[in-house]
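Undergrad: The file below is input.txt, compact mmCIF, C-alpha atoms:
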```
# COMPACT_ATOMS: atom_id res chain seq x y z
CA MET A 5 -2.69 -78.25 5.88
CA CYS A 6 -0.24 -81.03 6.85
CA ILE A 7 3.48 -81.05 6.13
CA ILE A 8 5.83 -83.59 4.55
CA ILE A 9 9.53 -83.37 5.44
CA ILE A 10 12.19 -85.30 3.53
CA LYS A 11 15.63 -85.43 5.14
CA GLN A 12 18.55 -87.36 3.69
CA LYS A 13 21.62 -88.48 5.62
CA GLY A 14 24.06 -85.66 6.39
CA TYR A 15 21.36 -83.02 6.88
CA GLN A 16 19.39 -81.96 9.93
CA VAL A 17 15.88 -80.75 10.77
CA SER A 18 15.99 -78.27 13.63
CA GLN A 19 13.96 -79.04 16.74
CA GLU A 20 12.25 -75.67 16.32
CA ILE A 21 10.95 -76.68 12.87
CA ALA A 22 9.89 -80.11 14.15
CA LYS A 23 8.13 -78.53 17.13
CA THR A 24 6.35 -76.01 14.89
CA SER A 25 5.29 -78.84 12.56
CA ALA A 26 3.74 -80.66 15.52
CA ARG A 27 2.08 -77.50 16.86
CA ILE A 28 0.46 -76.63 13.54
CA ASN A 29 -0.37 -80.25 12.64
CA PRO A 30 -1.31 -82.04 15.88
CA HIS A 31 -3.25 -85.02 14.50
CA GLY A 32 -0.62 -87.67 13.84
CA LEU A 33 2.97 -88.29 12.75
CA GLY A 34 4.02 -90.98 10.28
CA ILE A 35 7.67 -91.71 9.49
CA VAL A 36 9.40 -93.76 6.81
CA TRP A 37 12.99 -94.35 7.94
CA LEU A 38 15.07 -94.20 4.75
CA ASP A 39 17.96 -96.30 6.12
CA THR A 40 15.69 -99.32 6.64
CA PHE A 41 12.41 -98.22 4.97
CA GLU A 42 10.55 -99.18 8.12
CA VAL A 43 7.19 -97.39 8.53
CA THR A 44 6.22 -96.18 12.02
CA TYR A 45 3.26 -94.23 13.38
CA HIS A 46 3.25 -91.81 16.33
CA ASN A 47 1.49 -88.89 17.97
CA SER A 48 2.56 -85.48 16.67
CA ALA A 49 3.86 -84.70 20.17
CA GLU A 50 6.64 -87.24 19.55
CA TYR A 51 8.36 -84.83 17.16
CA LYS A 52 11.67 -85.24 19.03
CA LEU A 53 12.10 -88.55 17.17
CA LEU A 54 13.19 -86.40 14.22
CA ASP A 55 16.18 -85.08 16.17
CA THR A 56 18.39 -87.71 14.58
CA ASP A 57 21.05 -88.34 11.97
CA ARG A 58 18.88 -91.04 10.39
CA PRO A 59 17.35 -90.13 7.02
CA PHE A 60 13.56 -90.08 6.94
CA ILE A 61 10.34 -88.94 5.31
CA ALA A 62 7.94 -87.58 7.95
CA HIS A 63 4.32 -86.52 7.66
CA PHE A 64 2.55 -84.38 10.28
CA ARG A 65 -1.23 -84.41 9.83
CA TYR A 66 -3.79 -81.67 10.30
CA ALA A 67 -7.24 -83.26 10.01
CA THR A 68 -9.44 -81.61 7.38
CA VAL A 69 -11.23 -84.73 6.06
CA GLY A 70 -11.66 -87.93 8.06
CA ALA A 71 -11.51 -88.79 11.73
CA ILE A 72 -8.47 -88.21 13.92
CA GLY A 73 -6.62 -91.41 14.74
CA ARG A 74 -4.12 -94.00 13.66
CA GLN A 75 -6.36 -95.12 10.78
CA ASN A 76 -5.94 -91.74 9.05
CA THR A 77 -2.26 -91.14 9.82
CA HIS A 78 0.03 -91.10 6.77
CA PRO A 79 1.55 -92.94 4.99
CA PHE A 80 -1.22 -95.09 3.49
CA GLN A 81 -0.76 -98.43 1.79
CA CYS A 82 -1.78 -98.20 -1.86
CA GLY A 83 -4.62 -100.69 -2.13
CA ASN A 84 -3.49 -104.29 -1.82
CA ASN A 85 0.07 -103.42 -2.79
CA LYS A 86 1.89 -103.94 0.50
CA ASN A 87 5.10 -102.35 -0.80
CA GLU A 88 3.74 -99.00 -1.99
CA TYR A 89 2.78 -96.11 0.32
CA LEU A 90 1.41 -92.62 -0.23
CA MET A 91 1.85 -89.34 1.70
CA MET A 92 -0.12 -86.24 0.73
CA ASN A 93 -0.13 -82.56 1.70
CA GLY A 94 -3.33 -80.83 0.64
CA THR A 95 -7.04 -81.50 0.31
CA ILE A 96 -8.93 -83.07 -2.60
CA LYS A 97 -12.54 -81.94 -2.79
CA GLY A 98 -15.04 -84.76 -3.07
CA LEU A 99 -12.81 -87.50 -1.68
CA GLY A 100 -13.20 -88.93 1.80
CA ASN A 101 -15.87 -88.60 4.46
CA MET A 102 -16.30 -88.12 8.19
CA LYS A 103 -14.43 -91.36 8.93
CA GLN A 104 -11.96 -91.79 6.07
CA SER A 105 -9.52 -89.13 4.87
CA ASP A 106 -9.23 -88.05 1.25
CA SER A 107 -5.59 -89.19 1.22
CA LYS A 108 -6.56 -92.71 2.25
CA VAL A 109 -9.23 -92.87 -0.46
CA LEU A 110 -6.69 -91.69 -3.04
CA ALA A 111 -4.20 -94.35 -1.89
CA GLU A 112 -6.86 -97.01 -2.44
CA LYS A 113 -7.48 -95.57 -5.90
CA LEU A 114 -3.79 -95.69 -6.79
CA GLY A 115 -3.75 -99.36 -5.83
CA VAL A 116 -5.85 -100.26 -8.89
CA ILE A 117 -4.07 -97.92 -11.31
CA PRO A 118 -0.90 -99.07 -13.14
CA ARG A 119 2.23 -97.61 -11.55
CA THR A 120 3.15 -95.92 -14.85
CA GLN A 121 0.01 -93.78 -14.64
CA TRP A 122 0.55 -92.46 -11.12
CA LYS A 123 2.38 -89.33 -12.20
CA SER A 124 -0.40 -88.18 -14.55
CA GLU A 125 -3.04 -89.13 -11.97
CA LEU A 126 -1.44 -87.10 -9.17
CA ALA A 127 -0.55 -84.16 -11.44
CA GLN A 128 -4.23 -83.22 -11.74
CA TYR A 129 -4.47 -82.32 -8.04
CA ASP A 130 -3.23 -79.11 -6.46
CA CYS A 131 -1.42 -81.03 -3.71
CA ARG A 132 2.07 -82.30 -2.91
CA PHE A 133 2.71 -86.05 -2.86
CA THR A 134 5.38 -88.59 -2.03
CA THR A 135 5.19 -92.27 -2.86
CA ILE A 136 7.45 -94.80 -1.19
CA ASN A 137 8.32 -98.35 -2.26
CA VAL A 138 9.64 -100.23 0.77
CA GLN A 139 10.69 -103.21 -1.34
CA SER A 140 12.86 -101.37 -3.86
CA LYS A 141 13.79 -98.87 -1.10
CA SER A 142 12.98 -95.84 -3.23
CA PHE A 143 10.67 -92.84 -3.15
CA GLN A 144 9.36 -90.23 -5.55
CA ILE A 145 8.28 -86.59 -5.11
CA TYR A 146 5.35 -85.28 -7.17
CA ASN A 147 4.56 -81.66 -8.08
CA ARG A 148 8.13 -80.84 -7.07
CA GLU A 149 7.81 -77.21 -8.20
CA ASP A 150 5.51 -76.57 -5.24
CA TRP A 151 8.01 -77.85 -2.65
CA ILE A 152 10.61 -75.81 -0.77
CA GLN A 153 14.20 -76.92 -0.24
CA LYS A 154 16.06 -75.39 2.70
CA ASP A 155 19.48 -76.44 3.97
CA GLY A 156 19.27 -79.66 2.00
CA VAL A 157 15.86 -80.67 3.41
CA TRP A 158 12.64 -80.78 1.36
CA TYR A 159 9.39 -79.34 2.78
CA SER A 160 6.00 -79.68 1.11
CA LYS A 161 5.08 -76.15 2.27
CA GLU A 162 6.83 -73.29 3.99
CA ASN A 163 4.51 -72.60 6.92
CA VAL A 164 6.82 -74.40 9.36
CA LEU A 165 9.87 -72.37 8.30
CA GLU A 166 9.33 -69.48 10.69
CA ASP A 167 12.80 -67.98 10.36
CA ASN A 168 11.90 -64.31 10.77
CA TYR A 169 11.49 -62.58 14.13
CA VAL A 170 8.99 -59.70 13.99
CA ALA A 171 8.24 -57.25 16.81
CA VAL A 172 4.83 -55.54 16.69
CA TYR A 173 3.55 -52.67 18.83
CA GLY A 174 0.11 -51.79 17.41
CA THR A 175 -2.99 -53.58 16.16
CA LEU A 176 -0.90 -56.68 15.37
CA LYS A 177 -0.21 -57.34 19.06
CA LYS A 178 -1.54 -60.61 20.42
CA GLY A 179 -5.34 -60.48 20.76
CA TYR A 180 -5.73 -57.17 18.91
CA SER A 181 -7.75 -56.66 15.73
CA ASN A 182 -5.15 -57.32 13.02
CA TYR A 183 -3.55 -60.17 14.98
CA TRP A 184 -6.45 -62.51 14.20
CA HIS A 185 -6.04 -62.25 10.45
CA TYR A 186 -2.27 -61.92 10.15
CA LEU A 187 -0.50 -63.56 13.12
CA SER A 188 -2.87 -65.88 14.99
CA GLY A 189 -1.28 -68.93 13.33
CA SER A 190 2.31 -67.81 13.88
CA ASN A 191 4.61 -68.74 16.74
CA PHE A 192 4.27 -66.24 19.59
CA VAL A 193 7.72 -65.87 21.16
CA GLY A 194 6.72 -63.52 23.97
CA SER A 195 6.33 -59.93 25.06
CA GLY A 196 9.30 -57.60 25.50
CA THR A 197 10.54 -54.06 24.94
CA THR A 198 12.78 -52.32 22.46
CA THR A 199 16.33 -52.46 23.84
CA ASP A 200 16.82 -48.82 22.87
CA LYS A 201 14.34 -46.00 23.39
CA TYR A 202 12.19 -44.89 20.46
CA PRO A 203 9.30 -42.42 20.13
CA LEU A 204 5.93 -44.14 19.89
CA VAL A 205 3.20 -41.74 18.78
CA VAL A 206 -0.49 -42.64 19.04
CA SER A 207 -2.66 -40.60 16.73
CA GLY A 208 -5.69 -42.76 16.02
CA LEU A 209 -3.28 -45.57 15.17
CA PRO A 210 0.19 -45.96 16.70
CA TYR A 211 3.40 -45.42 14.78
CA LEU A 212 7.02 -45.84 15.80
CA ILE A 213 9.64 -43.38 14.57
CA GLU A 214 13.28 -44.28 14.00
CA ASN A 215 14.85 -41.75 16.35
CA LYS A 216 16.94 -43.84 18.74
CA GLY A 217 17.31 -42.48 22.27
CA LEU A 218 14.11 -40.47 22.28
CA GLY A 219 10.92 -41.67 23.98
CA HIS A 220 10.65 -44.99 25.81
CA ASN A 221 11.64 -48.64 25.68
CA VAL A 222 8.47 -49.51 23.78
CA ASP A 223 6.35 -52.56 24.67
CA VAL A 224 6.16 -55.09 21.83
CA ASP A 225 5.01 -58.63 21.09
CA VAL A 226 7.44 -60.86 19.20
CA PHE A 227 6.46 -63.54 16.68
CA ARG A 228 8.35 -65.94 14.44
CA VAL A 229 6.93 -65.82 10.91
CA THR A 230 7.55 -67.36 7.51
CA ASP A 231 8.86 -65.48 4.49
CA SER A 232 5.38 -65.35 2.95
CA LYS A 233 3.87 -64.07 6.21
CA LEU A 234 6.55 -61.37 6.31
CA ARG A 235 5.58 -60.33 2.78
CA SER A 236 1.96 -60.18 3.91
CA LEU A 237 2.92 -57.88 6.79
CA ASP A 238 4.93 -55.73 4.39
CA GLN A 239 1.82 -55.30 2.29
CA LEU A 240 -0.30 -54.43 5.31
CA GLU A 241 2.20 -51.84 6.55
CA GLY A 242 2.91 -50.38 3.10
CA HIS A 243 6.63 -51.22 3.29
CA PRO A 244 8.76 -49.39 2.22
CA ARG A 245 6.65 -46.39 1.21
CA TRP A 246 4.54 -45.79 4.34
CA TYR A 247 6.25 -47.89 6.98
CA CYS A 248 9.82 -49.12 6.59
CA ARG A 249 10.84 -52.51 8.01
CA LYS A 250 14.19 -52.56 9.81
CA GLN A 251 15.95 -54.81 12.31
CA ILE A 252 16.55 -53.70 15.89
CA ASN A 253 17.29 -55.43 19.19
CA ILE A 254 14.34 -56.45 21.37
CA THR A 255 14.79 -57.49 25.01
CA ILE A 256 12.72 -60.50 26.09
CA LYS A 257 13.22 -61.87 29.62
CA GLY A 258 16.68 -60.31 29.83
CA LYS A 259 17.84 -61.65 26.45
CA GLN A 260 18.27 -59.66 23.26
CA VAL A 261 16.71 -60.85 20.02
CA LEU A 262 17.26 -59.20 16.63
CA CYS A 263 13.79 -58.53 15.20
CA TRP A 264 12.18 -56.81 12.27
CA ILE A 265 10.01 -53.85 13.25
CA TYR A 266 8.05 -51.30 11.21
CA PHE A 267 9.06 -47.64 11.50
CA ASN A 268 6.84 -44.89 10.16
CA LEU A 269 8.58 -42.42 7.85
CA LYS A 270 7.16 -39.39 9.66
CA GLU A 271 9.44 -37.06 11.58
CA VAL A 272 9.06 -36.30 15.26
CA ALA A 273 7.19 -33.10 16.07
CA ASP A 274 8.10 -31.15 19.20
CA ASN A 275 4.52 -31.15 20.50
CA LYS A 276 4.03 -34.90 20.28
CA ILE A 277 3.47 -37.08 23.32
CA PHE A 278 5.53 -40.25 23.32
CA HIS A 279 4.01 -43.47 24.65
CA LYS A 280 5.57 -46.59 26.10
CA SER A 281 2.76 -48.86 24.99
CA PHE A 282 -0.28 -48.92 22.73
CA VAL A 283 -3.50 -50.36 24.15
CA GLN A 284 -6.30 -50.89 21.68
CA ALA A 285 -9.66 -49.75 22.99
CA LYS A 286 -12.35 -52.34 22.46
CA PRO A 287 -15.61 -51.22 20.85
CA LYS A 288 -19.00 -51.86 22.46
CA TYR A 289 -19.09 -55.45 21.30
CA GLU A 290 -18.64 -58.66 23.21
CA THR A 291 -15.18 -60.23 22.98
CA PHE A 292 -14.63 -63.91 22.33
CA GLY A 293 -12.05 -65.87 20.41
CA SER A 294 -13.54 -69.27 19.62
CA TYR A 295 -15.75 -68.34 16.67
CA GLY A 296 -14.81 -66.44 13.54
CA THR A 297 -11.56 -64.70 12.72
CA SER A 298 -12.19 -61.54 14.71
CA PRO A 299 -12.47 -61.28 18.51
CA TYR A 300 -15.24 -58.71 18.23
CA ARG A 301 -18.83 -59.91 17.94
CA TYR A 302 -22.20 -58.30 18.63
CA VAL A 303 -23.51 -58.14 22.21
CA LYS A 304 -26.77 -59.96 22.74
CA SER A 305 -28.96 -56.87 23.01
CA SER A 306 -27.59 -55.45 19.75
CA TYR A 307 -28.25 -58.28 17.31
CA PRO A 308 -31.74 -57.43 16.10
CA LYS A 309 -33.08 -60.37 14.16
CA ARG A 310 -34.15 -63.94 14.48
CA TYR A 311 -31.67 -66.19 12.71
CA ASP A 312 -34.22 -67.29 10.13
CA THR A 313 -34.99 -63.67 9.09
CA ILE A 314 -31.39 -62.52 8.49
CA PRO A 315 -30.50 -62.16 4.78
CA ALA A 316 -28.56 -65.11 3.38
CA LYS A 317 -25.37 -63.06 3.04
CA ALA A 318 -25.41 -62.26 6.76
CA LYS A 319 -25.91 -65.85 7.92
CA PRO A 320 -22.83 -67.66 9.23
CA THR A 321 -21.37 -70.32 6.95
CA SER A 322 -20.41 -72.65 9.84
CA PRO A 323 -22.38 -73.89 12.85
CA LEU A 324 -22.74 -71.36 15.63
CA PRO A 325 -21.81 -72.13 19.22
CA LYS A 326 -24.88 -72.84 21.38
CA LEU A 327 -24.64 -69.40 22.98
CA PHE A 328 -25.18 -67.73 19.61
CA GLN A 329 -27.85 -70.20 18.53
CA ASP A 330 -29.78 -69.06 21.61
CA TRP A 331 -29.37 -65.43 20.56
CA PHE A 332 -30.90 -66.03 17.18
CA ALA A 333 -33.79 -68.01 18.65
CA GLU A 334 -35.06 -65.00 20.58
CA GLU A 335 -37.71 -62.55 19.43
CA VAL A 336 -36.22 -59.04 19.10
CA ASP A 337 -36.87 -55.82 17.21
CA GLU A 338 -36.34 -55.92 13.45
CA PHE A 339 -34.21 -53.73 11.21
CA ASP A 340 -32.54 -54.00 7.83
CA VAL A 341 -29.04 -55.51 8.16
CA LYS A 342 -28.12 -54.31 4.67
CA ASN A 343 -28.49 -50.68 5.75
CA GLU A 344 -25.99 -50.92 8.61
CA THR A 345 -22.83 -48.83 8.24
CA PRO A 346 -19.73 -51.10 8.14
CA MET A 347 -16.82 -50.05 10.33
CA CYS A 348 -13.10 -50.98 10.39
CA VAL A 349 -12.06 -53.29 13.24
CA ALA A 350 -8.65 -51.59 13.44
CA CYS A 351 -9.33 -47.84 13.35
CA TYR A 352 -13.18 -47.72 13.38
CA ASN A 353 -13.41 -45.66 10.18
CA ASP A 354 -16.26 -46.27 7.73
CA LEU A 355 -15.59 -48.95 5.12
CA VAL A 356 -16.26 -49.06 1.38
CA PHE A 357 -17.83 -52.25 -0.02
CA ASP A 358 -16.15 -53.58 -3.20
CA GLY A 359 -19.33 -55.17 -4.55
CA PHE A 360 -18.24 -58.71 -3.72
CA ASN A 361 -17.38 -59.81 -0.18
CA ASN A 362 -14.65 -57.40 0.90
CA TYR A 363 -14.44 -53.96 2.48
CA TYR A 364 -11.70 -51.34 2.17
CA CYS A 365 -10.63 -48.89 4.89
CA SER A 366 -8.97 -45.70 3.68
CA GLY A 367 -8.12 -44.81 7.27
CA CYS A 368 -5.54 -47.56 7.74
CA ASN A 369 -5.29 -48.82 4.14
CA THR A 370 -6.50 -52.35 4.93
CA TRP A 371 -8.98 -54.82 3.46
CA HIS A 372 -11.46 -56.79 5.58
CA SER A 373 -13.70 -59.77 4.97
CA GLU A 374 -17.37 -59.84 5.97
CA VAL A 375 -16.71 -61.65 9.28
CA ASP A 376 -14.16 -59.01 10.30
CA VAL A 377 -16.51 -56.06 9.84
CA LEU A 378 -18.00 -54.14 12.75
CA ARG A 379 -21.37 -52.46 12.25
CA LYS A 380 -22.79 -49.30 13.78
CA PHE A 381 -26.28 -49.44 15.23
```
Take the structure from the file and write it as structure tokens.
TA:
Amino acid sequence: MCIIIIKQKGYQVSQEIAKTSARINPHGLGIVWLDTFEVTYHNSAEYKLLDTDRPFIAHFRYATVGAIGRQNTHPFQCGNNKNEYLMMNGTIKGLGNMKQSDSKVLAEKLGVIPRTQWKSELAQYDCRFTTINVQSKSFQIYNREDWIQKDGVWYSKENVLEDNYVAVYGTLKKGYSNYWHYLSGSNFVGSGTTTDKYPLVVSGLPYLIENKGLGHNVDVDVFRVTDSKLRSLDQLEGHPRWYCRKQINITIKGKQVLCWIYFNLKEVADNKIFHKSFVQAKPKYETFGSYGTSPYRYVKSSYPKRYDTIPAKAKPTSPLPKLFQDWFAEEVDEFDVKNETPMCVACYNDLVFDGFNNYYCSGCNTWHSEVDVLRKF
């Protein structure tokens, strides 16, 4: 995670990008002001400092290794060299611990390596780096091919560049099955309706047909997404062969926003019923959103085994909340987890296992990981 933003004089970082950077990376903001090369440290919530004409290099942190706090906020002094600083976007396996971040450990390491060897040292890691020398008032970008330049500003990754408005009306709506995998990390703009009427047909799964003036002003949820996220949605929807992505006006709180939406290529049949909204029926599983990537988990009476008797593949890879630890501590009837029939979280069709860790649904043409699979009992 994390994001590094490099802005020279004469360019601007929008407040929307700065706000998104803080939302996604809430664990600290470090700034090197390129007009003075002063280094300052802040909370991520102080992102409005970047609404300025001053040139800067800013780092928003998302804590993956090391404690949250000033001590792990970038940039880091490189060893005993008081003039050299390091910013990093990425994670280096094996460096750092519960208290100290991997970036800080790497900065200490660079402090004992000759400056001429820094480029080869940093090139071995799949991360993006910036080093700053406050004495010579210079900086250097490493692994530049992995950076994105937009409107004259450099970004170490694109996940804060949510330039595309997307309106969704089916299983991608907020809180529904496909939302958790595809849109849960994106900026939710709000709920609205299509400005014009369109026919929404629900036949197992919903699909919208491009026949303006027929049907209803359809209920939608609107998100801002990155270019890569939009490509991911295109793949999910089978654009342009199954669904076709087009821009239409969406009304949100009385204002119109031009959004991408996915139209199915089917034609309207006379006997079809048109809906204003799609509501996804929840299966007979308990709903919760704080554990795992799917909101659907087993109800207490349905999970059959003690935790220590479940096959290794079925055991969670991260600590369970206390509620679920209590479930697994209880004595209940036994059955073979491997013989359960996997079921799609979106359309509830049977899934086909690929022999590794993924399942394919021919009903809605989607892939699912193990944690996203429902099971019939």
Undergrad: Within 10 Å of region 115-132 of chain A, counting all atoms listed in the file, which residues show up once you throw out same-chain ones fewer than 3 positions away? Write them as a VMD selection string, please.
TA: chain A and resid 7 to 8 81 to 86 88 to 89 91 to 97 110 to 112 135 144 to 151 159 to 161
Undergrad: Could you work out how far CA of Gln284 (chain A) lies from CA of Ser188 (chain A), giving the answer in Å with one decimal?
TA: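 It comes out at 16.8 Å.
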Undergrad: Report the distance between CA of Leu355 (chain A) and CA of Val172 (chain A) in Å, rounded to one decimal place.
TA: 24.4 Å
Undergrad: Tell me, as a list in words, which residues lie within 8 Å of region 250-266 of chain A, counting all atoms listed in the file; anything in the same chain fewer than 5 positions away does not count.
TA: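 Once the nearby chain positions are removed, what remains is Asn168, Tyr169, Val170, Ala171, Val172, Gly194, Ser195, Gly196, Thr197, Thr198, Thr199, Asp200, Leu212, Val226 and Glu241 of chain A.
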Undergrad: So which one's closest to Tyr51 (chain A), A:Lys280, A:Lys108, A:Arg27, A:Arg245? Using only C-alpha atoms, please.
TA: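 Using only C-alpha atoms, the shortest distance to Tyr51 (chain A) belongs to A:Arg27.
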Undergrad: Which neighbours of Val43 (chain A) fall inside 10 Å, counting all atoms listed in the file, when residues of the same chain fewer than 6 positions from it are skipped, and could you give them as a ChimeraX atom specification?
TA: /A:34-37,60-62,78-79,89,138
Undergrad: Take CA of Glu166 (chain A) and CA of Thr230 (chain A) and report the distance between them in Å, one decimal.
TA: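 Distance between the two atoms: 4.2 Å.
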Undergrad: Which residues come within 8 Å of Ile213 (chain A), counting all atoms listed in the file, excluding same-chain residues fewer than 5 positions away, as a ChimeraX atom specification?
TA: /A:202-205,267-272
Undergrad: Using only C-alpha atoms, collect all residues at a distance of at most 10 Å from (27.2, -80.4, 6.8) as written in the file, then present them as a PyMOL selection string.
TA: chain A and resi 13-16+155-156
Undergrad: Report as a PyMOL selection string all protein, DNA and RNA residues lying within 7 Å of Pro30 (chain A), evaluated on all atoms listed in the file, omitting residues in the same chain fewer than 2 positions from it.
TA: chain A and resi 26-28+32+48+65-66
Undergrad: Using all atoms listed in the file, can you tell me which of A:Thr56, A:Gln139, A:Ser107, A:Thr44 comes closest to Ser18 (chain A)?
TA: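 Of the candidates, the smallest distance to Ser18 (chain A) is held by A:Thr56.
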Undergrad: Out of A:Ser181, A:Gln19, A:Asn163, A:Ser140, which residue has the shortest atom-to-atom distance to Met5 (chain A) when counting only C-alpha atoms?
TA: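 The answer is A:Asn163, which sits nearest to Met5 (chain A).
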